[in-house]
>>> print(open('entry-v5.csv').read())   # CSV, C-alpha atoms and all ligand atoms
chain,number,residue,atom,x,y,z
A,210,MET,CA,183.7,50.7,81.1
A,211,SER,CA,186.6,50.0,78.8
A,212,ILE,CA,186.3,47.9,75.7
A,213,ALA,CA,188.7,45.4,77.2
A,214,LYS,CA,186.5,44.9,80.2
A,215,ILE,CA,183.4,44.5,77.9
A,216,LEU,CA,185.2,42.0,75.8
A,217,GLU,CA,186.2,40.1,78.9
A,218,ILE,CA,182.6,39.9,80.1
A,219,ALA,CA,181.3,39.0,76.7
A,220,LEU,CA,183.8,36.2,76.3
A,221,LYS,CA,183.1,34.8,79.8
A,222,THR,CA,179.3,34.9,79.2
A,223,GLY,CA,179.3,33.4,75.8
A,224,ARG,CA,176.3,33.2,73.5
A,225,VAL,CA,173.0,33.8,75.2
A,226,THR,CA,170.6,34.2,72.3
A,227,ARG,CA,167.9,31.6,71.9
A,228,LYS,CA,167.6,30.0,68.5
A,229,TYR,CA,163.8,29.8,68.5
A,230,PRO,CA,162.1,28.8,66.1
A,231,TYR,CA,165.0,26.4,65.3
A,232,GLU,CA,165.1,25.1,68.8
A,233,PRO,CA,162.3,24.3,71.4
A,234,PRO,CA,160.8,27.2,73.2
A,235,LEU,CA,161.5,28.0,76.8
A,236,LEU,CA,158.3,26.7,78.5
A,237,THR,CA,158.2,26.3,82.2
A,238,SER,CA,156.1,23.8,84.0
A,239,GLU,CA,153.7,26.6,85.2
A,240,PHE,CA,153.1,27.9,81.7
A,241,ARG,CA,149.5,27.9,80.6
A,242,GLY,CA,148.6,27.9,76.9
A,243,ALA,CA,145.4,27.4,75.0
A,244,VAL,CA,142.8,25.0,76.4
A,245,ARG,CA,141.6,21.9,74.6
A,246,ILE,CA,138.0,20.7,75.0
A,247,ASP,CA,137.6,16.9,74.7
A,248,PRO,CA,134.3,16.5,72.7
A,249,SER,CA,133.9,12.9,73.9
A,250,LYS,CA,133.8,14.0,77.5
A,251,CYS,CA,132.0,17.4,77.3
A,252,TRP,CA,128.4,17.5,78.5
A,253,GLY,CA,127.5,20.9,77.2
A,254,CYS,CA,126.6,22.0,80.7
A,255,GLY,CA,127.9,25.5,80.3
A,256,ALA,CA,129.8,25.8,83.6
A,257,CYS,CA,132.9,26.9,81.8
A,258,VAL,CA,131.0,29.5,79.9
A,259,LYS,CA,129.7,31.1,83.1
A,260,ILE,CA,133.2,31.3,84.7
A,261,CYS,CA,135.2,32.4,81.7
A,262,PRO,CA,136.2,36.1,82.5
A,263,PRO,CA,136.5,37.4,78.9
A,264,ASN,CA,133.6,35.3,77.4
A,265,ALA,CA,136.0,33.4,75.2
A,266,LEU,CA,133.7,30.4,75.6
A,267,ALA,CA,130.1,30.7,74.5
A,268,LEU,CA,127.2,28.3,74.3
A,269,ARG,CA,124.7,28.8,71.6
A,270,ASN,CA,121.4,27.1,71.3
A,271,SER,CA,119.9,26.9,67.9
A,272,GLY,CA,116.9,24.8,69.0
A,273,LYS,CA,118.3,21.7,67.2
A,274,GLU,CA,121.7,21.7,68.6
A,275,ALA,CA,123.8,23.4,71.2
A,276,THR,CA,127.3,24.7,70.2
A,277,LEU,CA,130.1,25.3,72.6
A,278,GLU,CA,132.4,27.7,70.9
A,279,TYR,CA,136.0,28.4,72.1
A,280,PHE,CA,137.5,31.6,70.7
A,281,VAL,CA,141.2,31.4,71.5
A,282,GLY,CA,141.8,34.9,70.3
A,283,ARG,CA,140.0,36.3,73.4
A,284,CYS,CA,141.2,33.6,75.9
A,285,ILE,CA,143.4,35.0,78.7
A,286,PHE,CA,144.7,31.5,79.6
A,287,CYS,CA,143.6,31.6,83.2
A,288,GLY,CA,142.6,27.9,83.3
A,289,MET,CA,139.4,28.6,85.3
A,290,CYS,CA,137.3,26.6,82.8
A,291,ALA,CA,139.4,23.5,83.4
A,292,GLU,CA,139.0,24.0,87.1
A,293,VAL,CA,135.2,24.1,87.1
A,294,CYS,CA,134.4,21.6,84.4
A,295,PRO,CA,132.5,18.8,86.1
A,296,ALA,CA,133.3,16.3,83.3
A,297,LYS,CA,137.0,17.1,83.4
A,298,ALA,CA,136.7,17.7,79.6
A,299,ILE,CA,139.0,20.7,79.5
A,300,GLU,CA,142.8,20.3,79.4
A,301,VAL,CA,145.2,23.3,79.7
A,302,THR,CA,147.8,22.7,77.1
A,303,LYS,CA,151.2,24.5,76.5
A,304,GLU,CA,150.2,25.5,73.0
A,305,PHE,CA,151.2,29.1,72.3
A,306,GLU,CA,151.9,29.1,68.5
A,307,LEU,CA,148.4,30.3,67.8
A,308,SER,CA,149.0,32.9,65.2
A,309,SER,CA,146.5,33.0,62.4
A,310,THR,CA,145.7,35.1,59.4
A,311,SER,CA,142.0,35.0,60.0
A,312,LEU,CA,139.8,35.1,63.1
A,313,GLU,CA,137.7,32.1,61.9
A,314,ASN,CA,140.7,29.8,62.3
A,315,LEU,CA,140.9,30.8,66.0
A,316,LYS,CA,137.6,29.2,66.8
A,317,SER,CA,136.8,25.7,67.7
A,318,ARG,CA,133.3,24.3,68.2
A,319,VAL,CA,131.8,21.3,70.0
A,320,ILE,CA,128.3,20.5,68.7
A,321,HIS,CA,125.8,18.8,71.0
A,322,ARG,CA,122.5,17.2,69.9
A,323,LEU,CA,119.6,18.2,72.1
A,324,THR,CA,117.0,16.0,73.7
A,325,ARG,CA,113.3,16.8,74.1
A,326,CYS,CA,111.0,15.8,76.9
A,327,SER,CA,109.4,12.5,76.1
A,328,SER,CA,106.1,13.7,77.5
A,329,CYS,CA,105.5,17.3,76.5
A,330,GLY,CA,108.2,17.7,73.8
A,331,SER,CA,109.9,20.8,75.3
A,332,LEU,CA,113.6,21.2,75.2
A,333,VAL,CA,115.5,19.4,78.0
A,334,TRP,CA,119.2,19.6,77.3
A,335,THR,CA,122.1,17.8,75.5
A,336,GLU,CA,122.2,14.1,75.0
A,337,ALA,CA,125.7,13.9,76.6
A,338,GLU,CA,124.5,15.5,79.8
A,339,LEU,CA,121.5,13.2,80.0
A,340,LYS,CA,123.7,10.2,79.6
A,341,SER,CA,126.1,11.2,82.3
A,342,VAL,CA,123.3,12.1,84.7
A,343,VAL,CA,121.7,8.6,84.2
A,344,LYS,CA,125.1,7.1,84.7
A,345,SER,CA,126.2,9.0,87.8
A,346,SER,CA,123.0,9.4,89.8
A,347,PRO,CA,120.3,6.9,90.9
A,348,ILE,CA,117.6,8.3,88.6
A,349,ALA,CA,115.6,6.1,86.4
A,350,GLU,CA,115.9,6.8,82.7
A,351,GLU,CA,112.1,7.2,82.4
A,352,TYR,CA,112.4,10.2,84.7
A,353,ALA,CA,115.6,11.5,83.2
A,354,VAL,CA,114.1,11.9,79.7
A,355,LEU,CA,111.4,14.3,81.1
A,356,CYS,CA,111.6,18.0,81.5
A,357,PRO,CA,111.6,19.3,85.1
A,358,LYS,CA,107.9,20.2,85.0
A,359,CYS,CA,106.7,16.8,83.7
A,360,ARG,CA,109.1,15.0,86.1
A,361,LYS,CA,107.6,16.9,89.0
A,362,SER,CA,104.0,16.0,88.1
A,363,LYS,CA,104.8,12.4,87.3
A,364,PHE,CA,106.6,12.1,90.6
A,365,ALA,CA,103.7,13.7,92.5
A,366,ARG,CA,101.2,11.3,90.8
A,367,ALA,CA,103.3,8.2,91.6
A,368,ALA,CA,103.7,9.3,95.2
A,369,SER,CA,100.0,10.0,95.7
A,370,ILE,CA,99.1,6.6,94.3
A,371,ARG,CA,101.6,5.0,96.7
A,372,ILE,CA,100.1,6.7,99.8
A,373,GLY,CA,96.6,5.9,98.6
A,374,VAL,CA,95.1,9.4,97.9
A,375,GLY,CA,95.5,9.1,94.1
A,376,SER,CA,92.5,8.8,91.8
A,377,GLU,CA,93.9,6.0,89.7
B,72,MET,CA,148.9,54.1,45.0
B,73,SER,CA,145.7,52.2,45.3
B,74,SER,CA,146.9,48.6,45.0
B,75,VAL,CA,150.2,46.9,45.9
B,76,ASN,CA,151.6,43.6,44.9
B,77,ILE,CA,151.7,42.2,48.3
B,78,ALA,CA,153.7,39.1,47.4
B,79,ARG,CA,156.4,41.1,45.8
B,80,ALA,CA,156.5,43.6,48.7
B,81,LEU,CA,156.7,40.8,51.2
B,82,LYS,CA,159.6,39.3,49.3
B,83,ALA,CA,161.4,42.6,49.3
B,84,ILE,CA,161.1,43.2,53.0
B,85,LYS,CA,161.5,39.6,54.1
B,86,ARG,CA,165.0,40.1,55.5
B,87,SER,CA,164.6,43.6,56.8
B,88,ILE,CA,161.2,44.2,58.3
B,89,TRP,CA,161.0,47.4,60.3
B,90,VAL,CA,158.4,47.4,63.1
B,91,TYR,CA,156.7,50.2,65.0
B,92,HIS,CA,155.2,49.5,68.4
B,93,LEU,CA,151.8,50.9,68.8
B,94,ASN,CA,150.1,50.7,72.2
B,95,SER,CA,146.4,51.3,72.0
B,96,GLY,CA,145.7,51.1,75.7
B,97,SER,CA,147.1,47.8,76.8
B,98,CYS,CA,147.9,46.8,80.3
B,99,ASN,CA,151.6,46.9,79.4
B,100,ALA,CA,152.3,43.2,79.8
B,101,CYS,CA,152.2,42.7,76.0
B,102,ASP,CA,154.5,45.7,75.5
B,103,ILE,CA,157.0,44.3,77.9
B,104,GLU,CA,157.0,41.0,76.0
B,105,ILE,CA,157.7,43.0,72.8
B,106,LEU,CA,160.7,44.6,74.5
B,107,ASP,CA,161.7,41.1,75.6
B,108,ALA,CA,161.6,40.0,72.0
B,109,LEU,CA,163.9,42.9,71.1
B,110,THR,CA,166.6,42.1,73.7
B,111,PRO,CA,169.7,40.1,72.7
B,112,TYR,CA,168.2,37.1,74.5
B,113,PHE,CA,165.6,36.5,71.7
B,114,ASP,CA,167.3,38.9,69.3
B,115,VAL,CA,164.8,39.5,66.5
B,116,GLU,CA,167.5,41.2,64.5
B,117,ARG,CA,168.4,37.6,63.5
B,118,PHE,CA,165.4,38.0,61.1
B,119,GLY,CA,166.2,41.6,60.2
B,120,ILE,CA,163.4,42.9,62.5
B,121,LYS,CA,164.3,46.4,63.7
B,122,LEU,CA,162.3,48.8,65.9
B,123,VAL,CA,161.7,52.2,64.4
B,124,GLY,CA,160.4,55.4,66.1
B,125,SER,CA,157.8,56.5,63.5
B,126,PRO,CA,155.1,54.7,61.6
B,127,ARG,CA,156.3,56.5,58.5
B,128,HIS,CA,159.4,54.3,58.6
B,129,ALA,CA,157.6,51.1,59.5
B,130,ASP,CA,156.6,48.0,57.4
B,131,LEU,CA,154.7,46.4,60.3
B,132,ILE,CA,152.8,47.7,63.2
B,133,LEU,CA,152.8,45.7,66.5
B,134,LEU,CA,149.4,46.7,67.8
B,135,THR,CA,148.7,45.9,71.5
B,136,GLY,CA,145.7,46.7,73.5
B,137,PRO,CA,141.9,46.7,72.9
B,138,VAL,CA,141.9,50.2,71.3
B,139,THR,CA,140.5,52.6,73.9
B,140,ARG,CA,138.2,55.4,72.7
B,141,GLU,CA,140.8,57.9,73.8
B,142,SER,CA,143.5,56.3,71.6
B,143,LEU,CA,141.3,55.5,68.6
B,144,PRO,CA,142.0,58.7,66.6
B,145,LYS,CA,145.7,58.4,67.2
B,146,VAL,CA,145.8,54.8,66.3
B,147,VAL,CA,143.9,55.6,63.0
B,148,ARG,CA,146.4,58.4,62.3
B,149,ALA,CA,149.4,56.3,63.0
B,150,ILE,CA,148.2,53.5,60.7
B,151,LYS,CA,147.3,56.0,58.0
B,152,ALA,CA,150.9,57.4,58.2
B,153,MET,CA,152.3,54.0,57.3
B,154,PRO,CA,153.5,53.5,53.7
B,155,ARG,CA,152.0,50.6,51.7
B,156,PRO,CA,152.0,47.6,52.2
B,157,ARG,CA,150.4,48.1,55.6
B,158,LEU,CA,151.1,45.1,57.7
B,159,ILE,CA,149.7,44.7,61.2
B,160,LEU,CA,150.3,42.2,63.9
B,161,ALA,CA,147.3,42.3,66.4
B,162,LEU,CA,148.9,41.2,69.6
B,163,GLY,CA,147.4,39.7,72.7
B,164,SER,CA,143.9,38.7,73.5
B,165,CYS,CA,143.1,42.4,73.7
B,166,GLY,CA,144.4,43.2,70.2
B,167,VAL,CA,142.8,40.1,68.7
B,168,GLY,CA,139.4,40.0,70.3
B,169,GLY,CA,139.3,42.8,72.9
B,170,GLY,CA,140.3,40.6,75.8
B,171,ILE,CA,138.5,41.0,79.1
B,172,TRP,CA,137.5,44.5,77.9
B,173,TRP,CA,135.8,43.3,74.8
B,174,ASP,CA,132.4,44.7,75.7
B,175,THR,CA,133.3,47.7,78.0
B,176,TYR,CA,132.2,51.2,77.2
B,177,SER,CA,135.7,52.6,77.1
B,178,THR,CA,137.2,50.4,74.4
B,179,ILE,CA,136.1,49.5,70.9
B,180,GLY,CA,137.1,45.9,71.6
B,181,GLY,CA,139.7,44.4,69.3
B,182,PHE,CA,141.0,44.6,65.8
B,183,LYS,CA,137.8,43.6,64.0
B,184,LYS,CA,136.0,46.8,64.9
B,185,LEU,CA,139.2,48.8,64.3
B,186,GLU,CA,139.4,47.3,60.8
B,187,ASP,CA,135.8,48.5,60.1
B,188,ILE,CA,136.7,52.0,61.3
B,189,LEU,CA,139.8,52.1,59.2
B,190,ARG,CA,137.8,51.1,56.2
B,191,GLU,CA,135.4,53.9,56.8
B,192,ASN,CA,138.3,56.3,57.0
B,193,GLY,CA,139.7,55.0,53.7
B,194,VAL,CA,142.7,53.4,55.2
B,195,GLU,CA,143.5,50.0,53.6
B,196,VAL,CA,145.3,47.3,55.6
B,197,ASP,CA,147.1,44.8,53.4
B,198,ARG,CA,147.7,42.0,55.8
B,199,VAL,CA,146.8,41.2,59.4
B,200,VAL,CA,148.1,38.4,61.6
B,201,TYR,CA,146.4,37.7,64.8
B,202,VAL,CA,148.6,36.6,67.7
B,203,PRO,CA,146.7,35.4,70.7
B,204,GLY,CA,148.2,35.3,74.2
B,205,CYS,CA,147.8,37.1,77.5
B,206,PRO,CA,150.4,38.3,77.4
B,207,VAL,CA,151.9,37.0,74.2
B,208,ARG,CA,155.2,35.2,74.7
B,209,PRO,CA,158.2,36.7,72.9
B,210,GLU,CA,158.4,33.4,71.0
B,211,ALA,CA,154.7,33.9,70.0
B,212,ILE,CA,155.6,37.3,68.6
B,213,ILE,CA,158.5,35.9,66.6
B,214,TYR,CA,156.3,33.1,65.4
B,215,GLY,CA,153.6,35.6,64.3
B,216,ILE,CA,156.0,37.8,62.3
B,217,LEU,CA,157.5,34.7,60.7
B,218,LEU,CA,154.0,33.5,59.8
B,219,LEU,CA,153.4,36.9,58.2
B,220,LEU,CA,156.6,36.6,56.2
B,221,GLY,CA,155.7,33.0,55.2
B,222,VAL,CA,158.7,31.4,56.9
B,223,VAL,CA,156.6,29.1,59.2
B,224,GLU,CA,153.3,27.3,58.6
B,225,GLN,CA,150.1,28.2,60.4
B,226,LYS,CA,149.3,25.6,63.1
B,227,VAL,CA,145.8,26.5,64.2
B,228,LYS,CA,142.7,25.8,62.1
B,229,LYS,CA,139.0,25.9,62.6
B,230,VAL,CA,137.7,22.8,64.4
B,231,GLU,CA,134.1,21.6,64.5
B,232,VAL,CA,133.4,18.3,66.2
B,233,VAL,CA,130.0,16.7,67.1
B,234,ALA,CA,130.2,15.5,70.6
B,235,SER,CA,130.5,11.7,70.4
B,236,GLU,CA,127.6,9.5,71.4
B,237,SER,CA,129.6,7.1,73.6
A,401,LIG,S1,131.3,19.7,80.4
A,401,LIG,FE1,133.0,21.0,80.8
A,401,LIG,S2,133.6,21.7,78.8
A,401,LIG,FE2,131.6,20.9,78.6
A,401,LIG,S3,130.2,22.7,78.8
A,401,LIG,FE3,130.4,21.7,80.9
A,401,LIG,S4,132.1,22.8,81.8
A,401,LIG,FE4,132.2,23.3,79.6
A,402,LIG,S1,141.4,29.7,80.1
A,402,LIG,FE1,140.2,31.3,81.1
A,402,LIG,S2,139.8,32.8,79.5
A,402,LIG,FE2,140.5,30.9,78.5
A,402,LIG,S3,138.6,29.8,78.0
A,402,LIG,FE3,139.2,29.1,80.0
A,402,LIG,S4,138.1,30.4,81.5
A,402,LIG,FE4,138.0,31.4,79.5
A,403,LIG,S1,146.4,40.8,76.1
A,403,LIG,FE1,146.5,40.5,78.3
A,403,LIG,S2,148.7,41.1,78.7
A,403,LIG,FE2,148.2,41.9,76.7
A,403,LIG,S3,147.5,44.0,77.0
A,403,LIG,FE3,145.7,42.7,77.0
A,403,LIG,S4,145.3,42.2,79.2
A,403,LIG,FE4,147.4,42.9,79.0
>>> encode(input="entry-v5.csv", output="structure tokens")
Amino acid sequence: MSIAKILEIALKTGRVTRKYPYEPPLLTSEFRGAVRIDPSKCWGCGACVKICPPNALALRNSGKEATLEYFVGRCIFCGMCAEVCPAKAIEVTKEFELSSTSLENLKSRVIHRLTRCSSCGSLVWTEAELKSVVKSSPIAEEYAVLCPKCRKSKFARAASIRIGVGSE
Amino acid sequence: MSSVNIARALKAIKRSIWVYHLNSGSCNACDIEILDALTPYFDVERFGIKLVGSPRHADLILLTGPVTRESLPKVVRAIKAMPRPRLILALGSCGVGGGIWWDTYSTIGGFKKLEDILRENGVEVDRVVYVPGCPVRPEAIIYGILLLLGVVEQKVKKVEVVASES
């Protein structure tokens, strides 16, 4: 190709170079960036942790509190956590300027307080999950604050009293 | 040379940073994004960034992939061959945290473990910038290099929130 021809093409095309970071990036509507967990909506149920392919999400239970940790450095931006979240607490953002000089800055945590069974004192689960269960299903709060084992025995006792075989 | 004045060195290479592309077993998507960043469309030569063919000429290594066992000795040798200051950009979710291969037998799983191995081998790394993405966008690579050079501010920070009671 002659230089005249190249010049002709170059003049016709004009400047194509993007000026980023001095202009907005080229983000399409389909682009998925980092996810954001809304701490006021999250229950701490762990569904997102189960589905996350690279284990970028982790739920740790220290006995006093449960911590949902999101490590964006390992996230593959698949959006599956947002799909499975029953509380719709996860939002897929378009954030991609995630560079950091330390790994610690790439982590975000949501800390949940845990509740204990009001009868036997064993661990039930997070306060937020308990609240949303009481709100969304026809379960009395006196049952909801029990662990599954105590709930079963309490229900069996109540049922047996009703049909007249109970001892009380 | 055991220690380098990193601030002075960064100032000296700010307008002409030479990069070497080191693939440690990535799926190739991150590598294609690096090539994208080098095209006239994104034109990283605006910032004096230039691709070189040998780590001996490089100021910065663009490290992609989760570092497979097979590539580990070569990666260590390539980083060792760099002159000081050794700057590394760990690219992609593989480079930063091992990605979906973080706990497989055939990879060492991300930069953190590589850093330990480098230290054991007496190879000091002066500065690392982690650039998440799968794959990393060309803009994210540009942003990462500019963060390393101190041109842009870091946006992410550690967040810890207690779930609200309402
Ligand atoms: S409520 Fe949603 S974000 Fe919270 S742990 Fe469950 S799935 Fe994850
Ligand atoms: S987007 Fe995918 S990889 Fe990232 S946290 Fe959600 S499920 Fe995990
Ligand atoms: S971060 Fe994603 S795109 Fe990049 S090498 Fe790993 S799997 Fe491939």
>>> residues_near_ligand(input="entry-v5.csv", ligand="ligand LIG 401 (chain A)", cutoff="7 Å", atoms="only C-alpha atoms and all ligand atoms", output="PyMOL selection string")
chain A and resi 246+250-258+277+290+293-299
>>> residues_around(input="entry-v5.csv", residues="Pro233 of chain A", least_positions_apart="4", cutoff="12 Å", atoms="only C-alpha atoms", output="PyMOL selection string")
(chain A and resi 227-229+237+306) or (chain B and resi 210)
>>> atom_distance(input="entry-v5.csv", atom1="atom CA of Glu336 of chain A", atom2="atom CA of Phe280 of chain A")
23.6 Å
>>> interface_residues(input="entry-v5.csv", of="chain B", to="chain A", cutoff="7 Å", atoms="only C-alpha atoms", output="PyMOL selection string")
chain B and resi 111-114+164-165+167-171+199-205+210-211+214-215+225-235
>>> atom_distance(input="entry-v5.csv", atom1="atom CA of Lys82 of chain B", atom2="atom CA of Ile188 of chain B")
28.8 Å
>>> atom_distance(input="entry-v5.csv", atom1="atom FE3 of ligand LIG 403 (chain A)", atom2="atom CA of Asn94 of chain B")
10.3 Å
>>> residues_around(input="entry-v5.csv", residues="Lys145 of chain B", least_positions_apart="4", cutoff="12 Å", atoms="all atoms listed in the file", output="MDAnalysis selection string")
chainID B and resid 93:96 126 138:141 149:152 185 189
>>> residues_around(input="entry-v5.csv", residues="Ala365 of chain A", least_positions_apart="6", cutoff="12 Å", atoms="all atoms listed in the file", output="ChimeraX atom specification")
/A:358-359,371-372,374-375
>>> residues_around(input="entry-v5.csv", residues="Met153 of chain B", least_positions_apart="6", cutoff="9 Å", atoms="all atoms listed in the file", output="CSV table (one decimal) with C-alpha atoms, in the frame of the given file")
chain,number,residue,atom,x,y,z
B,125,SER,CA,157.8,56.5,63.5
B,126,PRO,CA,155.1,54.7,61.6
B,127,ARG,CA,156.3,56.5,58.5
B,128,HIS,CA,159.4,54.3,58.6
B,129,ALA,CA,157.6,51.1,59.5
B,130,ASP,CA,156.6,48.0,57.4
B,131,LEU,CA,154.7,46.4,60.3
B,132,ILE,CA,152.8,47.7,63.2
>>> closest_residue(input="entry-v5.csv", among="B:Glu191, B:Glu116, B:Asp174, B:Glu104", to="Ser87 of chain B", atoms="all atoms listed in the file")
B:Glu116
>>> closest_residue(input="entry-v5.csv", among="A:Ala219, A:Thr302, A:Glu292, A:Leu266", to="Phe240 of chain A", atoms="all atoms listed in the file")
A:Thr302
>>> closest_residue(input="entry-v5.csv", among="A:Leu323, A:Val301, A:Met289, A:Leu216", to="ligand LIG 402 (chain A)", atoms="only C-alpha atoms and all ligand atoms")
A:Met289
>>> closest_residue(input="entry-v5.csv", among="A:Ser327, A:Ala267, A:Ile212, A:Gly288", to="ligand LIG 402 (chain A)", atoms="all atoms listed in the file")
A:Gly288
>>> closest_residue(input="entry-v5.csv", among="A:Cys326, A:Pro347, A:Ala291, A:Asn270", to="ligand LIG 402 (chain A)", atoms="all atoms listed in the file")
A:Ala291
>>> closest_residue(input="entry-v5.csv", among="B:Ile103, B:Glu224, B:Val147, B:Arg157", to="Lys184 of chain B", atoms="only C-alpha atoms")
B:Val147
